[in-house]
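Everything below concerns the one structure shown next.
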Number of protein chains: 4
Amino acid sequence: MDFTFSERVQALYERVAAVLAEAVYPAEATFAAALEADGRWSIPPILPELQARARAAGLWNLFLPDPALGSGLNNLDYAPLCELMGRSPLAPHVFNCNAPDTGNMEVLWRFGTAEQKARWLTPLLNAEIRSAIAMTEPGVASSDPTSIVTRIERAGDSYLVNGRKWWITNAAHPDCRLLIVMGRSNPAAPRHRQHSMILVPMDAPGVRIVRRLTLFGYDDAPFGHCEIALEDVRVPEANLVLGEGRGFEIAQARLGPGRIHHCMRLIGAAERALAAMCRRAASRVAFGKALAEQGSLRELIALSRIEIEQARLLVLKTADRIDREGAKAARAEIAMIKVAVPRMAQAVLDRAMQVHGAGGFTEDFGLAQAWANARSLRMADGPDAVHLESVAKLELARHAGANRPPVDAPGGAP
Amino acid sequence: MDFTFSERVQALYERVAAVLAEAVYPAEATFAAALEADGRWSIPPILPELQARARAAGLWNLFLPDPALGSGLNNLDYAPLCELMGRSPLAPHVFNCNAPDTGNMEVLWRFGTAEQKARWLTPLLNAEIRSAIAMTEPGVASSDPTSIVTRIERAGDSYLVNGRKWWITNAAHPDCRLLIVMGRSNPAAPRHRQHSMILVPMDAPGVRIVRRLTLFGYDDAPFGHCEIALEDVRVPEANLVLGEGRGFEIAQARLGPGRIHHCMRLIGAAERALAAMCRRAASRVAFGKALAEQGSLRELIALSRIEIEQARLLVLKTADRIDREGAKAARAEIAMIKVAVPRMAQAVLDRAMQVHGAGGFTEDFGLAQAWANARSLRMADGPDAVHLESVAKLELARHAGANRPPVDAPGGAP
Amino acid sequence: MDFTFSERVQALYERVAAVLAEAVYPAEATFAAALEADGRWSIPPILPELQARARAAGLWNLFLPDPALGSGLNNLDYAPLCELMGRSPLAPHVFNCNAPDTGNMEVLWRFGTAEQKARWLTPLLNAEIRSAIAMTEPGVASSDPTSIVTRIERAGDSYLVNGRKWWITNAAHPDCRLLIVMGRSNPAAPRHRQHSMILVPMDAPGVRIVRRLTLFGYDDAPFGHCEIALEDVRVPEANLVLGEGRGFEIAQARLGPGRIHHCMRLIGAAERALAAMCRRAASRVAFGKALAEQGSLRELIALSRIEIEQARLLVLKTADRIDREGAKAARAEIAMIKVAVPRMAQAVLDRAMQVHGAGGFTEDFGLAQAWANARSLRMADGPDAVHLESVAKLELARHAGANRPPVDAPGGAP
Amino acid sequence: MDFTFSERVQALYERVAAVLAEAVYPAEATFAAALEADGRWSIPPILPELQARARAAGLWNLFLPDPALGSGLNNLDYAPLCELMGRSPLAPHVFNCNAPDTGNMEVLWRFGTAEQKARWLTPLLNAEIRSAIAMTEPGVASSDPTSIVTRIERAGDSYLVNGRKWWITNAAHPDCRLLIVMGRSNPAAPRHRQHSMILVPMDAPGVRIVRRLTLFGYDDAPFGHCEIALEDVRVPEANLVLGEGRGFEIAQARLGPGRIHHCMRLIGAAERALAAMCRRAASRVAFGKALAEQGSLRELIALSRIEIEQARLLVLKTADRIDREGAKAARAEIAMIKVAVPRMAQAVLDRAMQVHGAGGFTEDFGLAQAWANARSLRMADGPDAVHLESVAKLELARHAGANRPPVDAPGGAP
């Protein structure tokens, strides 16, 4: 066991941190002001400028395990960099490491045909276009993905796609060109072989943005979360990914790294909130003394540190296990971090808000929006209840054998 | 002891409930649609229509203890009606029982001169105008109200008001005409005699709305929470309330009933959320069975019921104590409900959101906005930490006497 | 609604409190020392002395609703007196109001024949004998009382009782003469008509104390919790209570008041712990200041007060509803207090222990044993899970009707 | 970073686990029965037998970093073995790795003179004698160790020791020969140079066991926790450890590894409880289905797994940091695990108890006693409040610099 960074990770960490400190944090206010000034649904020019800087610095597509197209880093090595990017809502976009483009790029890189790669992956890697993933549906419990009812039906050498999707992040982005749609193509097949993923151009006839959803009042402009109607959308069969009935297989593959990313970004947000909390506590005076002298607040600061440390270690261990043994072997850990990390982030952000007084609820400090994001991640990719059930099932199974010795295997998790 | 309603309260309860069911709930969507259609800062016509209906039904100004001008109900009797109104964000406005107009009307009714009453109280009671209260300031810890720095300075037979206030609810309302401003008028006086309250017309030169704040992204249109600059605002001395240096006395007087109102409304919101949670759980199917069959969800339903019951009883006891012994005797309870009830409401609303899936975060169910409101009430009127400190101080004091017997007084609270 | 005591209750409250302060608290150390000196399983003489004092003061059998044999108080009026008795583990015995004798006396009073009353009830009311109730069994999940397997089988004009019971409180008491045994007498009957209750003399052949159980290390001497074997115990048919198959009916009847008693005693224990916590905090110095000056400890004091208040109100409301509408109508509340109150008491006692340092875990302050008792009450009469399920079921049912209006009935609970 | 065991640790882990499964678990009942049969304060013969087996297997003094006298393992490598030993209360004694003998051996090994080592360390390493450490005092807040008032006063070429100590684990052991006493020797020195540690033979005149304390009713026989009076105990000056005024220095040195040990053992206890919980849930039936099918229980199983994983990782990281950078650099982590791990263990053990029904509170499953031990560790070595304060102080300090960049150092903890 060893809890230190490799030299390469340490160096990248410092370089990403430097770009954040020098360019990204100062740009947050510029970005927000541009949104206010120019309408909320165009891209403020500061973003492409920052992207150019990151790319020039060699800090681009760090998430991609492909050493030619990306960084070649594995999950464990990328994780601390991802955490850093989580400290600013802008940063993942700056380094071309934002969801769901990362997951979509991974899918195309891993499963795409040469043609699909040329058309979609290359411009995504260059941040010339953006993409979205359409899984969740308003009418069914998306916690159970087999309940997805959007139809992908063969019609000659095309597919017709019909359905209603929501919470489609990025779909409001002016450069969004691609929608990866999950739908039921083979209703007669076994339960996990009924669905496929297909590449739908955003400008295909029949694709319609019904509305932009708000997440606790936030529209997340200019990226947005949309509700989308798919009405007789005709897509060539070459747009199918991997083959009919392989939707779950693809979804499964993108899941592990996706969780690591989401969780590490939340840890970054929690770290920034804790720093803000400490500084505010040190500088704000009430009843004649600094808030930082209040014992109960000091306890919350300490608990936040303890919770962040534990959450980070669990995510890193999960990344390590995915890298060594694959996502399936690490499925208990992947479920665990999905439960543990958003809860931790919510708690830390909530405390930080409280220390900032009523200002904590506004956009002045970014805390309320970060909190809303953390809250939403207790639902995205399935609610807590589903992941707890996965962990419980595995845990019960390992104690189920009649002759099972009372001593458990090293490391604990099933 | 007796835990049942009086006949009069029971009858009023049923009548208010009927108006809610028949007119208010159905109007919520209409109201929201009108805001979208007509810009967010004008009053949708459905509101005055509903107000007319409530007034015609004799369900008007129920909060006011004056039997001639209002209902003549005491706090304990009004509380269950207030809870009902809390079930819809629209309802308090419909019955002319919304904050901060209620508190402002109470102040004018209790402390206003005949002239002040004629100019402000009468139109407020008729819902012809709206009002705001300006306490909180962005630059200081408002948890400690003695830190308020807005200046109210005598200048001949007028006062000059200068300062910056924020979280001024109602100030964005097109009919808002009155701002009750708390400021420091007598800096040389003892700590709780330095501040005064003064009536500032919204259209007085020097009153400027700097921006409309958002609360977790919500603008609370068309009522709004504003940041306001007061720059050399000249107000006649007749606009002072009660006298120089009496600001805390007035603030104290409005505090008790105000807390009861806020807390009962939160309980109403929690009841509605629990009902929504139960219905959703019964109708939504995942993994082949209704959510309501999940044991862990059933536990959350039960815990929500248990927490709501306890919170309501504590508020009702507090109301009773205010009515019998006055707000000062009940100050421990008044502090307790401020801590207990928003936490309960947050918990219940959070669970209800989770049962609604990602939809729970949108405006489709009203849950996310109700949650944001509950969260904000852990800060409004002082953060939890301040109220916990008040309770602790009183509790420690009652055990402090050297000869104090080990048996405490009936009823428990200090 | 009214949250004050009646004159009679107020007077009784003061008299019970006086006996506690003057006689019971000072006797606790005497009682403990006598147990150490004389072996743990005889009754220290101070107890009958205190009983005589209480009886002479007219504070005897206060729990019994019969005005001739007891106080004639209803549940709501007895509750505050029961809380007072909960402040000392000795007090319920002093006032002849200890479990399970109270529940047994109620059963005999309500359902006993004249002969049963003469033989058992009269000496119990005089504290000449003690009794136990034998429900729980080691081999089955007693959370589901229909799983009880002890057999009560007719054999001529007698019954033969066979089974194994545990957690039989009072059975180790030297004066224990009566065991009320629940067992299956009619296995072919419908599920809730299979069991009966029968009066078994402790000295009947075949009744054997297998061992005295400990509850977290505590033997609860001299009353004890025993595991008991019943082997071919022959009991005359006249010892059956109420009739064959009526065991659940009897259990149900004793349940409501029993819960009120348990819960109010826990509230009393919590009040005493909070008082001890405050005094310790005020007097103990660490790092140069009194513990009571630590902000985080002050918050715990405040939270304890808030939680106690809410718990007490819920129990009082439950008692009121039992008195007005009967235990069946109040079954949601009866389940709620069973969940809420032990949790509250555990929390308050745990905090009080922590303030007492390592001494808090010893017998020096009584806190650890009171905590263990509170913990055990999350299991006695069924684990939390069973009661939460009851509450959830009722709550879901009230929202189940298709045409159910969105406004709920007054008072909230189903 | 790397989350796997080295080959040596893996091999030792398997060998310790084998001894546990084959010899230690089966001996638990034997040990308990012997205590009952032979009086509680002699050592059941099974213990030396097991010790001989462990020693023969080369699994002896694994805790000691000295490769000649012990295993030569560092903290990180010893930690998983220590966790295994925590699964049985007997195991630490079997492997001669029990507190406080381990800490005492470390002190003697690190700071002892050749003479002190010969007289005390050698027989301790052979388990021929046992020892105790006397820090805590009943009269002062031991959370603040500078408040220790026991006097160590020079009298010619001896020291006279006077004071009162409690919670002296091992002191009731029939082989206990050594008491390491912390006391104030130099009252005029600076605050952390006033105290010394001195070796006091248990049979020195003036050493008197006042009583054996109980921890939630448990006497922890045959090791015990004693209150001890030290009355004019004369000790030769050669018994002083390291020198006058160096008591804190010694206490500090033993602290880091001691915390790792305590925490890892608690994690072992939690793992065993989780295993017991899963098996019980799978086998126990209530209301017609296995407890393991209850969704709420499954969630508790999952949460337990999540909490255990996180706690373990934090302790391992702490051990690694102590090994690499020393205890001082790791002081934030050392404080963090002291708060986090006992809370986790309490939670897991509490859930496991609840699943075991009322039996969970008895000695039948070992859960209640393990819980009591976990609870006591929230106080031993200082209460949570002290450790949270340490973490908070360090955290606030790292954010205090005016020019501090908003990006924090890798790894997070201060």
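Note on naming: chains are A, B, ... as they come in the structure tokens, residues start from 1 per chain, ligands start from 1 in the order shown.
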
Report as a short mmCIF file (atom, residue, chain, number, x, y, z; two decimals) with C-alpha atoms, in the first residue's frame the set of chain C residues whose atoms approach chain D to within 7 Å, with distances computed over only C-alpha atoms.
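Heads up, here's the output in selection.cif:
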```cif
data_model
loop_
_atom_site.label_atom_id
_atom_site.label_comp_id
_atom_site.auth_asym_id
_atom_site.auth_seq_id
_atom_site.Cartn_x
_atom_site.Cartn_y
_atom_site.Cartn_z
CA ALA C 141 -38.61 -13.36 16.23
CA ASP C 144 -43.96 -11.00 15.25
CA LEU C 213 -29.62 -12.24 31.59
CA THR C 214 -27.54 -9.14 31.47
CA LEU C 215 -28.47 -6.04 29.53
CA PHE C 216 -25.15 -4.58 28.51
CA GLY C 217 -23.42 -5.98 31.59
CA TYR C 218 -26.25 -4.95 33.96
CA VAL C 285 -12.98 22.96 33.99
CA ALA C 286 -10.74 21.94 31.10
CA PHE C 287 -8.19 24.00 29.25
CA GLY C 357 -16.01 11.88 31.03
CA ALA C 358 -15.04 8.30 31.69
CA PHE C 361 -19.68 4.97 31.89
CA THR C 362 -19.56 3.80 35.51
CA ALA C 368 -24.81 4.37 31.53
CA GLN C 369 -27.45 2.12 33.05
CA MET C 379 -36.49 -3.60 21.15
#
```

Can you pull out the residues contacting segment 14-22 of chain D? Cut-off 12 Å, using only C-alpha atoms, and skip same-chain residues under 6 positions away; I want them as number ranges by chain. A: 403-410; D: 5, 7-8, 28, 50-60, 62, 78, 80-92, 94-95, 268

Residue set, segment 129-158 of chain C restricted to strand (DSSP E or B), as number ranges by chain: C: 130-134, 151-155, 158

Export, as a short mmCIF file (atom, residue, chain, number, x, y, z; two decimals), in the first residue's frame, the selected residues with C-alpha atoms.
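For reference, selection.cif as written:
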```cif
data_model
loop_
_atom_site.label_atom_id
_atom_site.label_comp_id
_atom_site.auth_asym_id
_atom_site.auth_seq_id
_atom_site.Cartn_x
_atom_site.Cartn_y
_atom_site.Cartn_z
CA ARG C 130 -44.50 -9.18 42.59
CA SER C 131 -45.27 -10.57 39.16
CA ALA C 132 -43.80 -11.05 35.72
CA ILE C 133 -45.05 -11.31 32.16
CA ALA C 134 -43.68 -14.00 29.89
CA ARG C 151 -47.70 -24.41 24.18
CA ILE C 152 -50.70 -24.14 26.49
CA GLU C 153 -52.47 -27.46 26.13
CA ARG C 154 -55.58 -28.68 27.81
CA ALA C 155 -55.09 -31.80 29.91
CA SER C 158 -55.88 -28.29 33.74
#
```

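Pairwise distance (atom CA of Thr30 of chain C, atom CA of Arg211 of chain D) equals 17.8 Å.
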
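Residues within 9 Å of Ala332 of chain B, counting only C-alpha atoms and excluding same-chain residues fewer than 2 positions away, are Thr318, Lys328, Ala329, Ala330, Ile334, Ala335, Met336, Ile337, His387, Ser390, Val391, Ala392, Leu394, Glu395, Ala413 and Pro414 of chain B.
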
Please provide as a PyMOL selection string all residues within 8 Å of Ala204 of chain B, with the sequence filter that same-chain residues fewer than 3 positions apart are discarded (counting only C-alpha atoms). chain B and resi 200-201+207+233-235

Can I get the selection written as a PDB file, in the first residue's frame, with N, CA and C atoms?
```pdb
ATOM      1  N   VAL B 200     -40.445  54.158   5.425  1.00  0.00           N
ATOM      2  CA  VAL B 200     -39.881  54.790   4.230  1.00  0.00           C
ATOM      3  C   VAL B 200     -40.748  54.442   3.017  1.00  0.00           C
ATOM      4  N   PRO B 201     -41.341  55.446   2.367  1.00  0.00           N
ATOM      5  CA  PRO B 201     -42.104  55.150   1.147  1.00  0.00           C
ATOM      6  C   PRO B 201     -41.160  54.583   0.083  1.00  0.00           C
ATOM      7  N   VAL B 207     -34.188  55.709  -2.677  1.00  0.00           N
ATOM      8  CA  VAL B 207     -34.435  54.273  -2.519  1.00  0.00           C
ATOM      9  C   VAL B 207     -34.213  53.613  -3.873  1.00  0.00           C
ATOM     10  N   VAL B 233     -31.918  59.190   1.887  1.00  0.00           N
ATOM     11  CA  VAL B 233     -33.380  59.158   1.792  1.00  0.00           C
ATOM     12  C   VAL B 233     -33.949  60.030   2.905  1.00  0.00           C
ATOM     13  N   ARG B 234     -34.711  61.029   2.540  1.00  0.00           N
ATOM     14  CA  ARG B 234     -35.235  61.968   3.535  1.00  0.00           C
ATOM     15  C   ARG B 234     -36.661  61.564   3.887  1.00  0.00           C
ATOM     16  N   VAL B 235     -36.917  61.391   5.193  1.00  0.00           N
ATOM     17  CA  VAL B 235     -38.229  60.924   5.657  1.00  0.00           C
ATOM     18  C   VAL B 235     -38.678  61.845   6.785  1.00  0.00           C
TER      19      VAL B 235
END
```

Who sits within 10 Å of segment 180-182 of chain B, only C-alpha atoms, same chain under 2 positions skipped, as a PyMOL selection string: chain B and resi 104+107+131-136+145+148-152+161+163+165+178+184-185+195-202+230+239-241+246-248+250-251

Output file for the residues above (C-alpha atoms, as a PDB file, in the first residue's frame):
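Okay, selection12.pdb is ready:
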```pdb
ATOM      1  CA  ASN B 104     -45.758  44.969   9.209  1.00  0.00           C
ATOM      2  CA  VAL B 107     -46.398  46.668  13.945  1.00  0.00           C
ATOM      3  CA  SER B 131     -44.852  46.401   2.175  1.00  0.00           C
ATOM      4  CA  ALA B 132     -41.409  45.178   3.054  1.00  0.00           C
ATOM      5  CA  ILE B 133     -39.172  45.106   6.106  1.00  0.00           C
ATOM      6  CA  ALA B 134     -35.524  46.063   5.782  1.00  0.00           C
ATOM      7  CA  MET B 135     -33.382  44.571   8.511  1.00  0.00           C
ATOM      8  CA  THR B 136     -30.601  42.380   7.067  1.00  0.00           C
ATOM      9  CA  PRO B 145     -28.795  42.660  15.052  1.00  0.00           C
ATOM     10  CA  ILE B 148     -26.808  46.850  11.826  1.00  0.00           C
ATOM     11  CA  VAL B 149     -25.027  49.919  10.435  1.00  0.00           C
ATOM     12  CA  THR B 150     -27.645  51.675   8.304  1.00  0.00           C
ATOM     13  CA  ARG B 151     -27.855  55.199   9.642  1.00  0.00           C
ATOM     14  CA  ILE B 152     -31.064  57.075  10.538  1.00  0.00           C
ATOM     15  CA  VAL B 161     -31.518  57.269   5.964  1.00  0.00           C
ATOM     16  CA  GLY B 163     -27.387  52.156   4.137  1.00  0.00           C
ATOM     17  CA  LYS B 165     -30.084  46.205   2.886  1.00  0.00           C
ATOM     18  CA  LEU B 178     -43.740  50.870   2.168  1.00  0.00           C
ATOM     19  CA  ARG B 184     -28.932  53.111  13.952  1.00  0.00           C
ATOM     20  CA  SER B 185     -30.243  56.454  15.132  1.00  0.00           C
ATOM     21  CA  HIS B 195     -31.689  51.549  16.723  1.00  0.00           C
ATOM     22  CA  SER B 196     -35.019  52.809  15.441  1.00  0.00           C
ATOM     23  CA  MET B 197     -37.582  51.736  12.879  1.00  0.00           C
ATOM     24  CA  ILE B 198     -38.828  54.198  10.352  1.00  0.00           C
ATOM     25  CA  LEU B 199     -41.450  54.118   7.605  1.00  0.00           C
ATOM     26  CA  VAL B 200     -39.881  54.790   4.230  1.00  0.00           C
ATOM     27  CA  PRO B 201     -42.104  55.150   1.147  1.00  0.00           C
ATOM     28  CA  MET B 202     -40.769  52.951  -1.620  1.00  0.00           C
ATOM     29  CA  LEU B 230     -30.737  53.773   0.680  1.00  0.00           C
ATOM     30  CA  ASN B 239     -42.608  58.374  10.046  1.00  0.00           C
ATOM     31  CA  LEU B 240     -40.606  57.153  13.017  1.00  0.00           C
ATOM     32  CA  VAL B 241     -42.303  54.233  14.744  1.00  0.00           C
ATOM     33  CA  ARG B 246     -37.085  51.630  20.211  1.00  0.00           C
ATOM     34  CA  GLY B 247     -36.244  49.513  17.203  1.00  0.00           C
ATOM     35  CA  PHE B 248     -35.389  46.398  19.196  1.00  0.00           C
ATOM     36  CA  ILE B 250     -40.590  46.657  18.034  1.00  0.00           C
ATOM     37  CA  ALA B 251     -38.544  43.867  16.490  1.00  0.00           C
TER      38      ALA B 251
END
```

Which distance in Å separates atom CA of Met1 of chain C and atom CA of Leu76 of chain B, to one decimal? 7.8 Å

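Here atom CA of Phe223 of chain A is placed at a distance of 11.5 Å from atom CA of Asp101 of chain A.
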
Polymer residues at most 7 Å from segment 255-262 of chain B, only C-alpha atoms, same-chain spacing of 6 or more positions, as a list in words: Asn75, Ala79, Cys82, Gly103, Val315, Ala319, Ala327, Ile334 and Lys338 of chain B

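Nearest-residue note for His399 of chain D: choosing from A:Ala340, A:Leu316, A:Ile322, A:Met277, the minimum distance belongs to A:Met277, counting only C-alpha atoms.
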
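All residues of segment 115-168 of chain B that DSSP, run on the backbone, classes as helix (DSSP H, G or I) are Glu115, Gln116, Lys117, Ala118, Arg119, Trp120, Leu121, Thr122, Pro123, Leu124, Leu125, Pro145, Thr146 and Ser147 of chain B.
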
Print the selection's residues with N, CA and C atoms to a file, as a short mmCIF file (atom, residue, chain, number, x, y, z; two decimals), in the first residue's frame.
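Generated output (again-v1.cif):
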```cif
data_model
loop_
_atom_site.label_atom_id
_atom_site.label_comp_id
_atom_site.auth_asym_id
_atom_site.auth_seq_id
_atom_site.Cartn_x
_atom_site.Cartn_y
_atom_site.Cartn_z
N GLU B 115 -52.27 58.57 12.13
CA GLU B 115 -51.91 58.98 10.76
C GLU B 115 -51.20 57.84 10.02
N GLN B 116 -50.26 57.20 10.71
CA GLN B 116 -49.55 56.07 10.10
C GLN B 116 -50.54 54.97 9.73
N LYS B 117 -51.48 54.71 10.63
CA LYS B 117 -52.46 53.67 10.35
C LYS B 117 -53.31 54.02 9.13
N ALA B 118 -53.73 55.26 9.09
CA ALA B 118 -54.60 55.66 7.98
C ALA B 118 -53.86 55.53 6.66
N ARG B 119 -52.60 55.94 6.67
CA ARG B 119 -51.87 55.96 5.40
C ARG B 119 -51.42 54.57 4.97
N TRP B 120 -51.04 53.72 5.96
CA TRP B 120 -50.42 52.44 5.57
C TRP B 120 -51.22 51.21 5.98
N LEU B 121 -51.74 51.26 7.22
CA LEU B 121 -52.38 50.03 7.69
C LEU B 121 -53.66 49.72 6.92
N THR B 122 -54.48 50.71 6.73
CA THR B 122 -55.76 50.47 6.05
C THR B 122 -55.56 49.86 4.66
N PRO B 123 -54.75 50.47 3.81
CA PRO B 123 -54.58 49.84 2.49
C PRO B 123 -53.90 48.47 2.56
N LEU B 124 -53.07 48.26 3.54
CA LEU B 124 -52.48 46.92 3.67
C LEU B 124 -53.55 45.90 4.03
N LEU B 125 -54.43 46.28 4.96
CA LEU B 125 -55.50 45.37 5.35
C LEU B 125 -56.43 45.07 4.17
N PRO B 145 -28.11 41.47 15.60
CA PRO B 145 -28.80 42.66 15.05
C PRO B 145 -28.20 43.97 15.54
N THR B 146 -27.46 43.94 16.61
CA THR B 146 -26.85 45.21 17.05
C THR B 146 -25.76 45.66 16.08
N SER B 147 -25.40 44.76 15.15
CA SER B 147 -24.35 45.15 14.20
C SER B 147 -24.90 45.92 13.01
#
```

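Comparing A:Cys97, A:Cys176, A:Cys278, A:Ile301 by their smallest distance to Ile129 of chain A, the closest is A:Cys176 (using only C-alpha atoms).
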
Name the residues in contact with Ile43 of chain D at a cut-off of 8 Å, using only C-alpha atoms, excluding same-chain residues fewer than 3 positions from it; report them as a ChimeraX atom specification. /D:35,47,173-174,222

For Cys263 of chain A, which residue out of A:Pro205, A:Gly70, A:Pro342, A:Gly401 is the nearest one, using only C-alpha atoms? A:Pro342
